[in-house]
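Raw input.txt, compact mmCIF, C-alpha atoms:
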```
# COMPACT_ATOMS: atom_id res chain seq x y z
CA MET A 1252 145.22 43.19 129.93
CA ILE A 1253 143.93 40.45 127.67
CA PRO A 1254 146.01 38.83 124.90
CA ILE A 1255 144.75 39.98 121.51
CA VAL A 1256 144.77 36.33 120.41
CA TYR A 1257 141.73 35.62 122.60
CA TYR A 1258 139.55 38.07 120.70
CA LEU A 1259 140.81 36.81 117.35
CA ALA A 1260 140.21 33.20 118.40
CA LEU A 1261 136.63 34.07 119.37
CA ALA A 1262 136.16 35.70 115.96
CA VAL A 1263 137.61 32.64 114.19
CA ILE A 1264 135.30 30.31 116.11
CA LEU A 1265 132.22 32.43 115.38
CA PHE A 1266 133.16 32.70 111.70
CA SER A 1267 133.66 28.94 111.42
CA LEU A 1268 130.33 28.30 113.13
CA GLY A 1269 128.75 30.61 110.55
CA ILE A 1270 130.38 28.63 107.73
CA LEU A 1271 129.10 25.42 109.32
CA GLY A 1272 125.61 26.86 109.46
CA VAL A 1273 125.71 27.78 105.76
CA LEU A 1274 126.94 24.28 104.87
CA LEU A 1275 124.75 22.24 107.18
CA ARG A 1276 121.35 23.87 107.37
CA LYS A 1277 118.81 23.67 104.60
CA ASN A 1278 116.42 26.31 105.90
CA ALA A 1279 117.34 29.42 103.92
CA ILE A 1280 116.50 31.74 106.84
CA VAL A 1281 118.97 29.94 109.12
CA VAL A 1282 121.56 30.18 106.32
CA PHE A 1283 120.98 33.94 106.34
CA MET A 1284 121.38 34.11 110.09
CA SER A 1285 124.68 32.25 109.77
CA LEU A 1286 125.79 34.94 107.32
CA GLU A 1287 125.00 37.55 109.95
CA LEU A 1288 127.13 35.57 112.40
CA MET A 1289 130.06 35.78 109.98
CA PHE A 1290 129.56 39.53 109.53
CA ASN A 1291 129.68 39.79 113.30
CA ALA A 1292 132.94 37.87 113.56
CA ALA A 1293 134.52 40.24 111.03
CA ASN A 1294 133.22 43.22 113.00
CA LEU A 1295 134.77 41.83 116.17
CA VAL A 1296 138.19 41.73 114.47
CA PHE A 1297 137.73 45.34 113.29
CA ILE A 1298 136.89 46.54 116.80
CA THR A 1299 139.73 44.53 118.34
CA PHE A 1300 142.33 46.11 116.09
CA ALA A 1301 140.72 49.54 116.40
CA ASN A 1302 141.41 49.20 120.11
CA TYR A 1303 144.90 47.78 119.55
CA PHE A 1304 146.06 50.51 117.17
CA LYS A 1305 144.12 53.21 119.06
CA THR A 1306 142.43 54.45 115.90
CA LEU A 1307 138.80 55.09 115.05
CA ASP A 1308 138.98 53.77 111.49
CA GLY A 1309 138.03 50.27 112.57
CA GLN A 1310 134.86 51.55 114.24
CA ALA A 1311 133.94 53.57 111.13
CA LEU A 1312 134.31 50.44 108.98
CA VAL A 1313 132.07 48.50 111.35
CA ILE A 1314 129.35 51.10 110.80
CA PHE A 1315 129.66 50.49 107.05
CA VAL A 1316 129.53 46.72 107.50
CA MET A 1317 126.36 47.10 109.59
CA THR A 1318 124.58 49.19 106.96
CA THR A 1319 125.65 46.77 104.24
CA ALA A 1320 124.33 43.86 106.32
CA ALA A 1321 121.02 45.67 106.78
CA ALA A 1322 120.70 46.21 103.02
CA GLU A 1323 121.63 42.60 102.36
CA VAL A 1324 119.05 41.31 104.82
CA ALA A 1325 116.28 43.47 103.35
CA VAL A 1326 116.91 42.25 99.80
CA GLY A 1327 117.57 38.67 100.88
CA LEU A 1328 114.38 38.35 102.91
CA ALA A 1329 112.38 39.92 100.07
CA LEU A 1330 113.86 37.28 97.75
CA MET A 1331 112.95 34.60 100.26
CA VAL A 1332 109.34 35.77 100.46
CA MET A 1333 109.22 35.65 96.65
CA ILE A 1334 110.69 32.14 96.54
CA PHE A 1335 108.23 31.00 99.17
CA ARG A 1336 105.33 32.38 97.13
CA VAL A 1337 106.47 30.58 93.99
CA LYS A 1338 107.68 27.29 95.44
CA GLY A 1339 105.89 27.04 98.77
CA SER A 1340 109.15 26.24 100.58
CA ILE A 1341 112.47 27.85 101.46
CA ASP A 1342 114.51 24.67 101.50
CA VAL A 1343 117.78 25.52 99.72
CA ASP A 1344 117.95 22.03 98.22
CA GLN A 1345 114.76 22.63 96.29
CA MET A 1346 116.01 25.82 94.66
CA SER A 1347 117.39 23.85 91.74
CA LYS A 1348 115.46 25.25 88.78
CA LEU A 1349 118.61 26.57 87.12
CA LYS A 1350 120.30 23.18 87.30
CA GLY A 1351 121.30 21.97 83.83
CA MET B 680 143.13 35.99 136.27
CA SER B 681 142.18 39.59 136.08
CA ALA B 682 138.58 40.73 136.29
CA SER B 683 138.51 41.86 132.66
CA LEU B 684 139.68 38.44 131.53
CA VAL B 685 136.91 36.77 133.53
CA VAL B 686 134.34 39.09 131.96
CA PHE B 687 135.70 38.35 128.50
CA LEU B 688 135.65 34.60 129.03
CA ILE B 689 132.05 34.65 130.28
CA LEU B 690 130.97 36.73 127.27
CA ALA B 691 132.90 34.53 124.86
CA VAL B 692 131.30 31.38 126.27
CA ILE B 693 127.84 32.96 125.98
CA ALA B 694 128.52 34.05 122.40
CA VAL B 695 129.82 30.66 121.26
CA ALA B 696 127.11 28.72 123.10
CA ALA B 697 124.41 30.92 121.56
CA ALA B 698 125.91 30.44 118.10
CA VAL B 699 126.02 26.66 118.52
CA ALA B 700 122.46 26.63 119.85
CA MET B 701 121.39 28.71 116.84
CA LEU B 702 122.87 26.10 114.49
CA LEU B 703 121.38 23.12 116.30
CA SER B 704 117.91 24.46 117.06
CA ASN B 705 115.16 22.97 114.95
CA ASN B 706 112.74 25.82 115.46
CA THR B 707 113.74 28.84 113.37
CA ILE B 708 112.31 31.28 115.92
CA TYR B 709 114.56 29.83 118.63
CA SER B 710 117.47 30.19 116.19
CA ALA B 711 116.68 33.88 115.76
CA LEU B 712 116.43 34.42 119.52
CA TYR B 713 119.76 32.64 120.11
CA LEU B 714 121.33 34.85 117.46
CA ILE B 715 120.04 37.93 119.31
CA MET B 716 121.70 36.56 122.47
CA ASN B 717 124.94 36.19 120.53
CA PHE B 718 124.68 39.77 119.23
CA LEU B 719 124.11 41.09 122.75
CA ALA B 720 127.18 39.24 124.08
CA ILE B 721 129.29 40.64 121.22
CA ALA B 722 127.89 44.12 121.92
CA VAL B 723 129.09 43.90 125.52
CA ILE B 724 132.52 42.82 124.24
CA TYR B 725 132.52 45.97 122.08
CA LEU B 726 131.78 47.97 125.23
CA THR B 727 134.76 46.43 127.01
CA LEU B 728 136.89 47.24 123.96
CA GLY B 729 136.02 50.92 124.29
CA ALA B 730 133.58 51.25 121.41
CA PRO B 731 130.31 52.28 123.09
CA PHE B 732 128.75 53.84 120.00
CA VAL B 733 129.32 50.73 117.91
CA ALA B 734 128.05 48.56 120.78
CA LEU B 735 124.77 50.45 120.96
CA ALA B 736 124.49 50.56 117.17
CA GLN B 737 124.96 46.79 117.25
CA ILE B 738 122.08 46.42 119.70
CA THR B 739 119.72 48.74 117.86
CA VAL B 740 120.59 47.78 114.28
CA TYR B 741 121.45 44.09 114.59
CA ALA B 742 119.59 42.80 117.63
CA GLY B 743 116.77 45.27 117.02
CA ALA B 744 116.07 46.06 113.39
CA ILE B 745 117.61 43.16 111.49
CA MET B 746 116.41 40.43 113.83
CA VAL B 747 112.90 41.89 113.97
CA LEU B 748 112.91 41.69 110.17
CA PHE B 749 113.99 38.06 110.44
CA LEU B 750 111.30 37.21 113.01
CA PHE B 751 108.71 39.04 110.91
CA VAL B 752 109.53 36.99 107.83
CA ILE B 753 109.73 33.73 109.82
CA MET B 754 106.28 34.30 111.28
CA MET B 755 104.84 35.54 107.98
CA LEU B 756 106.00 32.41 106.14
CA GLY B 757 105.28 30.09 109.05
CA ALA B 758 108.84 28.88 108.57
CA GLU B 759 109.40 27.84 112.18
CA LYS B 760 107.94 24.37 111.65
CA PHE B 761 109.68 23.44 108.42
CA SER B 762 111.23 20.02 108.78
CA GLU B 763 114.60 19.57 107.15
CA LYS B 764 114.85 16.57 104.92
CA GLU B 765 118.28 15.15 104.24
CA PRO B 766 118.64 14.07 100.60
CA LEU B 767 122.44 14.21 100.65
CA ARG B 768 123.57 12.21 103.62
CA TRP B 769 127.29 12.41 102.84
CA GLN B 770 127.15 16.22 102.90
CA ARG B 771 126.88 16.57 106.66
CA PRO B 772 130.11 14.82 107.79
CA VAL B 773 132.04 16.51 105.00
CA ALA B 774 130.72 19.91 106.10
CA ILE B 775 131.63 19.21 109.71
CA VAL B 776 135.16 18.13 108.74
CA LEU B 777 135.61 21.24 106.58
CA GLY B 778 134.31 23.53 109.32
CA LEU B 779 136.57 22.00 111.95
CA GLY B 780 139.44 22.25 109.46
CA LEU B 781 138.74 25.96 109.08
CA ILE B 782 138.79 26.40 112.86
CA GLY B 783 142.07 24.45 113.03
CA GLU B 784 143.65 26.60 110.31
CA GLY B 785 142.54 29.78 112.05
CA VAL B 786 143.91 28.64 115.41
CA TYR B 787 147.18 27.61 113.75
CA VAL B 788 147.58 31.03 112.13
CA LEU B 789 146.75 32.77 115.39
CA LEU B 790 149.25 30.70 117.32
CA THR B 791 152.09 31.08 114.82
CA ARG B 792 151.60 34.54 113.30
CA ILE B 793 150.07 36.61 116.08
CA GLY B 794 152.43 36.93 119.00
CA THR B 795 151.50 37.60 122.57
CA GLN B 796 150.50 41.21 122.12
CA MET B 797 148.31 42.39 124.95
CA LEU B 798 145.26 44.56 124.56
CA SER B 799 144.96 47.31 127.11
CA ASN B 800 141.32 47.58 128.03
CA THR B 801 141.67 51.17 129.13
CA ALA B 802 140.06 52.91 126.20
CA THR B 803 141.12 56.47 125.75
CA GLU B 804 138.41 59.08 125.84
CA ALA B 805 139.05 60.05 122.24
CA MET B 806 138.45 56.46 121.12
CA ALA B 807 135.09 56.17 122.81
CA ASP B 808 133.82 59.54 121.61
CA PRO B 809 130.85 59.31 119.22
CA LYS B 810 131.56 62.89 118.14
CA ALA B 811 135.01 61.91 116.90
CA LEU B 812 133.56 58.91 115.09
CA GLY B 813 130.96 61.10 113.40
CA ALA B 814 133.63 63.60 112.38
CA LEU B 815 135.68 60.78 110.88
CA LEU B 816 132.65 59.42 109.00
CA TYR B 817 131.90 62.83 107.49
CA SER B 818 135.48 63.74 106.61
CA LYS B 819 137.80 60.85 105.74
CA TYR B 820 134.99 58.40 104.93
CA SER B 821 132.53 60.82 103.37
CA LEU B 822 132.61 59.15 99.94
CA PRO B 823 131.95 55.62 101.30
CA PHE B 824 129.26 57.16 103.49
CA GLU B 825 127.44 58.60 100.48
CA ILE B 826 127.83 55.35 98.56
CA THR B 827 126.34 53.51 101.53
CA SER B 828 123.30 55.78 101.41
CA ILE B 829 122.82 54.92 97.73
CA LEU B 830 123.21 51.24 98.62
CA LEU B 831 120.51 51.49 101.28
CA LEU B 832 118.18 53.31 98.90
CA THR B 833 118.76 50.65 96.24
CA ALA B 834 118.11 47.89 98.75
CA ALA B 835 114.86 49.49 99.92
CA VAL B 836 113.63 50.00 96.34
CA GLY B 837 114.79 46.49 95.42
CA ALA B 838 112.92 44.89 98.32
CA VAL B 839 109.72 46.71 97.36
CA VAL B 840 110.07 45.80 93.66
CA LEU B 841 110.79 42.14 94.47
CA THR B 842 107.77 41.68 96.69
CA ARG B 843 105.47 43.58 94.29
CA GLY B 844 106.59 41.38 91.40
CA GLY B 845 105.55 38.34 93.42
CA LYS B 846 102.03 39.67 93.87
CA ARG B 847 101.60 40.35 90.16
CA GLU B 848 102.72 36.84 89.32
CA GLU B 849 100.20 35.38 91.70
CA LYS B 850 97.30 37.20 90.09
CA GLN B 851 97.99 35.91 86.61
```
Please re-express this file's structure in structure tokens.
Amino acid sequence: MIPIVYYLALAVILFSLGILGVLLRKNAIVVFMSLELMFNAANLVFITFANYFKTLDGQALVIFVMTTAAAEVAVGLALMVMIFRVKGSIDVDQMSKLKG
Amino acid sequence: MSASLVVFLILAVIAVAAAVAMLLSNNTIYSALYLIMNFLAIAVIYLTLGAPFVALAQITVYAGAIMVLFLFVIMMLGAEKFSEKEPLRWQRPVAIVLGLGLIGEGVYVLLTRIGTQMLSNTATEAMADPKALGALLYSKYSLPFEITSILLLTAAVGAVVLTRGGKREEKQ
């Protein structure tokens, strides 16, 4: 028997670390990995409550989140390859062409 | 302390340590490998929560497919040795304060709103059954399932179109 708060606290910590990664790092690939970390934290909450309420719906939603994350990564990395070809760098600070 | 609590704490420490190491590592390849470690720890937590199908999907899809894609792109771009310049020095402390604030808010909500409900780690057989999960996906969630397939198709086509467009631009 483990208090449900422990799992939720782990998810909160992982999500906040993901936010920190998005804010702190300038390498766009690491920013993407931090996004994956946040997806993972959300999935952990889904699985925790699926166990708590004894229902499978949480697990089904996690499958959807995973497929969405896979699609997002495919498009995002393709974008990154494009940006690298044009600019020669994937530093997020240098992606400022649209700045007014 | 029960055995399941010890297992959970070890896994939680591994997951958080791997996430912190991912953020702090300068080499992007190390970051990716630490993230895989984090995914594996979370997958084992899924196992202890009685979701074996999701745990194995996590290992194959996240730690396998997605992270291989990441490593592939990192090595293709040679991105592991990019140094990070710091043009905005004030940004870092502000980000750290905001991140810690978010953690504090989350902990506050957990402590005040979520009581001391316990999670029984004895998963019922129906919960851990991949057959039941598949039946649920194809009955109650059949419409989202189909939409997800369209999403995946769009993403695959989009990735191909994006990278082809880059080539054409280079030739001109």
Please list as a PDB file with C-alpha atoms, keeping the file's coordinate frame every residue within 7 Å of Thr1306 of chain A, counting only C-alpha atoms and excluding residues in the same chain fewer than 4 positions away.
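Result written to selection02.pdb:
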```pdb
ATOM      1  CA  ALA A1301     140.720  49.540 116.400  1.00  0.00           C
ATOM      2  CA  ASN A1302     141.410  49.200 120.110  1.00  0.00           C
TER       3      ASN A1302
ATOM      4  CA  MET B 806     138.450  56.460 121.120  1.00  0.00           C
TER       5      MET B 806
END
```
Find the residues near Thr727 of chain B: any atom within 12 Å, counting only C-alpha atoms, skip ones fewer than 4 places away on the same chain, and give them as a PyMOL selection string.
(chain A and resi 1252-1253+1258+1295+1298-1299+1302) or (chain B and resi 682-687+690+720-723+731-734+798-803+807)
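If you measure from each of A:Ala1279, A:Ala1293, A:Ile1255, A:Met1346 to chain B using only C-alpha atoms, the closest one turns out to be A:Ile1255.
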Have a look at atom CA of Asn705 of chain B and atom CA of Ile1280 of chain A and let me know their distance in Å, one decimal.
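Rounded to one decimal, the two atoms are 12.0 Å apart.
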Could you pull the residues within 10 Å of Met755 of chain B, counting only C-alpha atoms, minus those fewer than 5 positions along the same chain, as a PyMOL selection string?
(chain A and resi 1332) or (chain B and resi 749-750)
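Once segment 1333-1340 of chain A and its same-chain neighbours fewer than 4 positions away are set aside, Ala1329 and Gln1345 of chain A; Leu756, Leu841, Thr842 and Gly845 of chain B remain within 8 Å of it when counting only C-alpha atoms.
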Nearest residue to Met1289 of chain A from the set A:Leu1312, A:Val1256, A:Leu1307, A:Ile1264 (distances using all atoms listed in the file):
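Looking only at the distances to Met1289 of chain A, the closest residue turns out to be A:Ile1264.
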What is the distance between atom CA of Val839 of chain B and atom CA of Leu1288 of chain A, in Å to one decimal?
25.6 Å
In terms of the shortest atom-to-atom distance over all atoms listed in the file, which of B:Ile708, B:Leu822, B:Ala774, B:Leu726 is closest to chain A?
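The answer is B:Ala774, which sits nearest to chain A.
Distances from B:Ala700, B:Ala838, B:Ile689, B:Gly783 to chain A were compared using only C-alpha atoms, and the smallest one belongs to B:Ala838.
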Give me the residues near Leu1274 of chain A as a list in words, where near means some atom within 10 Å (using only C-alpha atoms) and where sequence neighbours in that chain fewer than 3 positions away do not count.
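Close residues of Leu1274 of chain A: Leu1268, Gly1269, Ile1270, Leu1271, Lys1277, Val1282 and Ser1285 of chain A; Gln770, Arg771, Val773, Ala774, Ile775, Leu777 and Gly778 of chain B.
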For segment 1289-1306 of chain A, I'd like the enclosing box, axis-aligned and padded by 3 Å on every side, reported as lines of an AutoDock Vina configuration file with centre and edge lengths in Å to one decimal.
```
center_x = 137.8
center_y = 45.1
center_z = 114.8
size_x = 22.5
size_y = 24.7
size_z = 16.6
```
Minimum-distance residue to Ala697 of chain B, chosen among B:Met754, B:Asn717, B:Arg792, B:Phe824 (using only C-alpha atoms):
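Answer, going by the shortest atom-to-atom distance: B:Asn717.
Of the listed residues B:Ser818, B:Ser681, B:Gln737, B:Thr795, the one whose atoms come nearest to Leu719 of chain B is B:Gln737, with distances taken using only C-alpha atoms.
Note that the spacing between atom CA of Asp1308 of chain A and atom CA of Ala694 of chain B amounts to 24.8 Å.
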Supply segment 703-735 of chain B as a PDB file, in the coordinates of the input, with N, CA and C atoms built in where the input has gaps.
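Contents of the output file result_35.pdb:
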```pdb
ATOM      1  N   LEU B 703     121.970  24.416 116.017  1.00  0.00           N
ATOM      2  CA  LEU B 703     121.380  23.120 116.300  1.00  0.00           C
ATOM      3  C   LEU B 703     119.876  23.180 116.477  1.00  0.00           C
ATOM      4  N   SER B 704     119.336  24.367 116.760  1.00  0.00           N
ATOM      5  CA  SER B 704     117.910  24.460 117.060  1.00  0.00           C
ATOM      6  C   SER B 704     117.072  24.137 115.838  1.00  0.00           C
ATOM      7  N   ASN B 705     116.015  23.355 116.059  1.00  0.00           N
ATOM      8  CA  ASN B 705     115.160  22.970 114.950  1.00  0.00           C
ATOM      9  C   ASN B 705     114.125  24.031 114.634  1.00  0.00           C
ATOM     10  N   ASN B 706     113.739  24.789 115.652  1.00  0.00           N
ATOM     11  CA  ASN B 706     112.740  25.820 115.460  1.00  0.00           C
ATOM     12  C   ASN B 706     113.443  27.115 115.038  1.00  0.00           C
ATOM     13  N   THR B 707     113.043  27.671 113.899  1.00  0.00           N
ATOM     14  CA  THR B 707     113.740  28.840 113.370  1.00  0.00           C
ATOM     15  C   THR B 707     113.608  30.052 114.297  1.00  0.00           C
ATOM     16  N   ILE B 708     112.482  30.150 115.007  1.00  0.00           N
ATOM     17  CA  ILE B 708     112.310  31.280 115.920  1.00  0.00           C
ATOM     18  C   ILE B 708     113.329  31.202 117.057  1.00  0.00           C
ATOM     19  N   TYR B 709     113.538  29.978 117.590  1.00  0.00           N
ATOM     20  CA  TYR B 709     114.560  29.830 118.630  1.00  0.00           C
ATOM     21  C   TYR B 709     115.929  30.221 118.072  1.00  0.00           C
ATOM     22  N   SER B 710     116.196  29.822 116.818  1.00  0.00           N
ATOM     23  CA  SER B 710     117.470  30.190 116.190  1.00  0.00           C
ATOM     24  C   SER B 710     117.644  31.703 116.204  1.00  0.00           C
ATOM     25  N   ALA B 711     116.595  32.424 115.807  1.00  0.00           N
ATOM     26  CA  ALA B 711     116.680  33.880 115.760  1.00  0.00           C
ATOM     27  C   ALA B 711     116.937  34.453 117.154  1.00  0.00           C
ATOM     28  N   LEU B 712     116.253  33.889 118.167  1.00  0.00           N
ATOM     29  CA  LEU B 712     116.430  34.420 119.520  1.00  0.00           C
ATOM     30  C   LEU B 712     117.844  34.134 120.042  1.00  0.00           C
ATOM     31  N   TYR B 713     118.380  32.938 119.705  1.00  0.00           N
ATOM     32  CA  TYR B 713     119.760  32.640 120.110  1.00  0.00           C
ATOM     33  C   TYR B 713     120.740  33.589 119.420  1.00  0.00           C
ATOM     34  N   LEU B 714     120.436  33.935 118.165  1.00  0.00           N
ATOM     35  CA  LEU B 714     121.330  34.850 117.460  1.00  0.00           C
ATOM     36  C   LEU B 714     121.299  36.231 118.112  1.00  0.00           C
ATOM     37  N   ILE B 715     120.122  36.658 118.590  1.00  0.00           N
ATOM     38  CA  ILE B 715     120.040  37.930 119.310  1.00  0.00           C
ATOM     39  C   ILE B 715     120.915  37.889 120.558  1.00  0.00           C
ATOM     40  N   MET B 716     120.865  36.739 121.267  1.00  0.00           N
ATOM     41  CA  MET B 716     121.700  36.560 122.470  1.00  0.00           C
ATOM     42  C   MET B 716     123.186  36.715 122.100  1.00  0.00           C
ATOM     43  N   ASN B 717     123.559  36.090 120.991  1.00  0.00           N
ATOM     44  CA  ASN B 717     124.940  36.190 120.530  1.00  0.00           C
ATOM     45  C   ASN B 717     125.303  37.642 120.237  1.00  0.00           C
ATOM     46  N   PHE B 718     124.415  38.369 119.555  1.00  0.00           N
ATOM     47  CA  PHE B 718     124.680  39.770 119.230  1.00  0.00           C
ATOM     48  C   PHE B 718     124.846  40.600 120.490  1.00  0.00           C
ATOM     49  N   LEU B 719     124.011  40.312 121.511  1.00  0.00           N
ATOM     50  CA  LEU B 719     124.110  41.090 122.750  1.00  0.00           C
ATOM     51  C   LEU B 719     125.454  40.835 123.435  1.00  0.00           C
ATOM     52  N   ALA B 720     125.885  39.558 123.460  1.00  0.00           N
ATOM     53  CA  ALA B 720     127.180  39.240 124.080  1.00  0.00           C
ATOM     54  C   ALA B 720     128.307  39.971 123.349  1.00  0.00           C
ATOM     55  N   ILE B 721     128.247  39.957 121.997  1.00  0.00           N
ATOM     56  CA  ILE B 721     129.290  40.640 121.220  1.00  0.00           C
ATOM     57  C   ILE B 721     129.231  42.145 121.487  1.00  0.00           C
ATOM     58  N   ALA B 722     128.012  42.682 121.647  1.00  0.00           N
ATOM     59  CA  ALA B 722     127.890  44.120 121.920  1.00  0.00           C
ATOM     60  C   ALA B 722     128.573  44.473 123.233  1.00  0.00           C
ATOM     61  N   VAL B 723     128.430  43.616 124.245  1.00  0.00           N
ATOM     62  CA  VAL B 723     129.090  43.900 125.520  1.00  0.00           C
ATOM     63  C   VAL B 723     130.611  43.807 125.359  1.00  0.00           C
ATOM     64  N   ILE B 724     131.078  42.881 124.502  1.00  0.00           N
ATOM     65  CA  ILE B 724     132.520  42.820 124.240  1.00  0.00           C
ATOM     66  C   ILE B 724     132.985  44.121 123.587  1.00  0.00           C
ATOM     67  N   TYR B 725     132.171  44.680 122.676  1.00  0.00           N
ATOM     68  CA  TYR B 725     132.520  45.970 122.080  1.00  0.00           C
ATOM     69  C   TYR B 725     132.639  47.040 123.162  1.00  0.00           C
ATOM     70  N   LEU B 726     131.719  46.988 124.136  1.00  0.00           N
ATOM     71  CA  LEU B 726     131.780  47.970 125.230  1.00  0.00           C
ATOM     72  C   LEU B 726     133.096  47.844 125.978  1.00  0.00           C
ATOM     73  N   THR B 727     133.508  46.601 126.281  1.00  0.00           N
ATOM     74  CA  THR B 727     134.760  46.430 127.010  1.00  0.00           C
ATOM     75  C   THR B 727     135.956  46.832 126.164  1.00  0.00           C
ATOM     76  N   LEU B 728     135.792  46.828 124.835  1.00  0.00           N
ATOM     77  CA  LEU B 728     136.890  47.240 123.960  1.00  0.00           C
ATOM     78  C   LEU B 728     136.891  48.756 123.738  1.00  0.00           C
ATOM     79  N   GLY B 729     136.016  49.466 124.420  1.00  0.00           N
ATOM     80  CA  GLY B 729     136.020  50.920 124.290  1.00  0.00           C
ATOM     81  C   GLY B 729     135.384  51.414 123.023  1.00  0.00           C
ATOM     82  N   ALA B 730     134.296  50.770 122.578  1.00  0.00           N
ATOM     83  CA  ALA B 730     133.580  51.250 121.410  1.00  0.00           C
ATOM     84  C   ALA B 730     132.097  51.346 121.748  1.00  0.00           C
ATOM     85  N   PRO B 731     131.705  52.270 122.627  1.00  0.00           N
ATOM     86  CA  PRO B 731     130.310  52.280 123.090  1.00  0.00           C
ATOM     87  C   PRO B 731     129.311  52.611 121.996  1.00  0.00           C
ATOM     88  N   PHE B 732     129.704  53.493 121.055  1.00  0.00           N
ATOM     89  CA  PHE B 732     128.750  53.840 120.000  1.00  0.00           C
ATOM     90  C   PHE B 732     128.455  52.639 119.127  1.00  0.00           C
ATOM     91  N   VAL B 733     129.516  51.913 118.752  1.00  0.00           N
ATOM     92  CA  VAL B 733     129.320  50.730 117.910  1.00  0.00           C
ATOM     93  C   VAL B 733     128.534  49.674 118.670  1.00  0.00           C
ATOM     94  N   ALA B 734     128.785  49.561 119.993  1.00  0.00           N
ATOM     95  CA  ALA B 734     128.050  48.560 120.780  1.00  0.00           C
ATOM     96  C   ALA B 734     126.561  48.854 120.753  1.00  0.00           C
ATOM     97  N   LEU B 735     126.198  50.119 120.944  1.00  0.00           N
ATOM     98  CA  LEU B 735     124.770  50.450 120.960  1.00  0.00           C
ATOM     99  C   LEU B 735     124.176  50.373 119.566  1.00  0.00           C
TER     100      LEU B 735
END
```
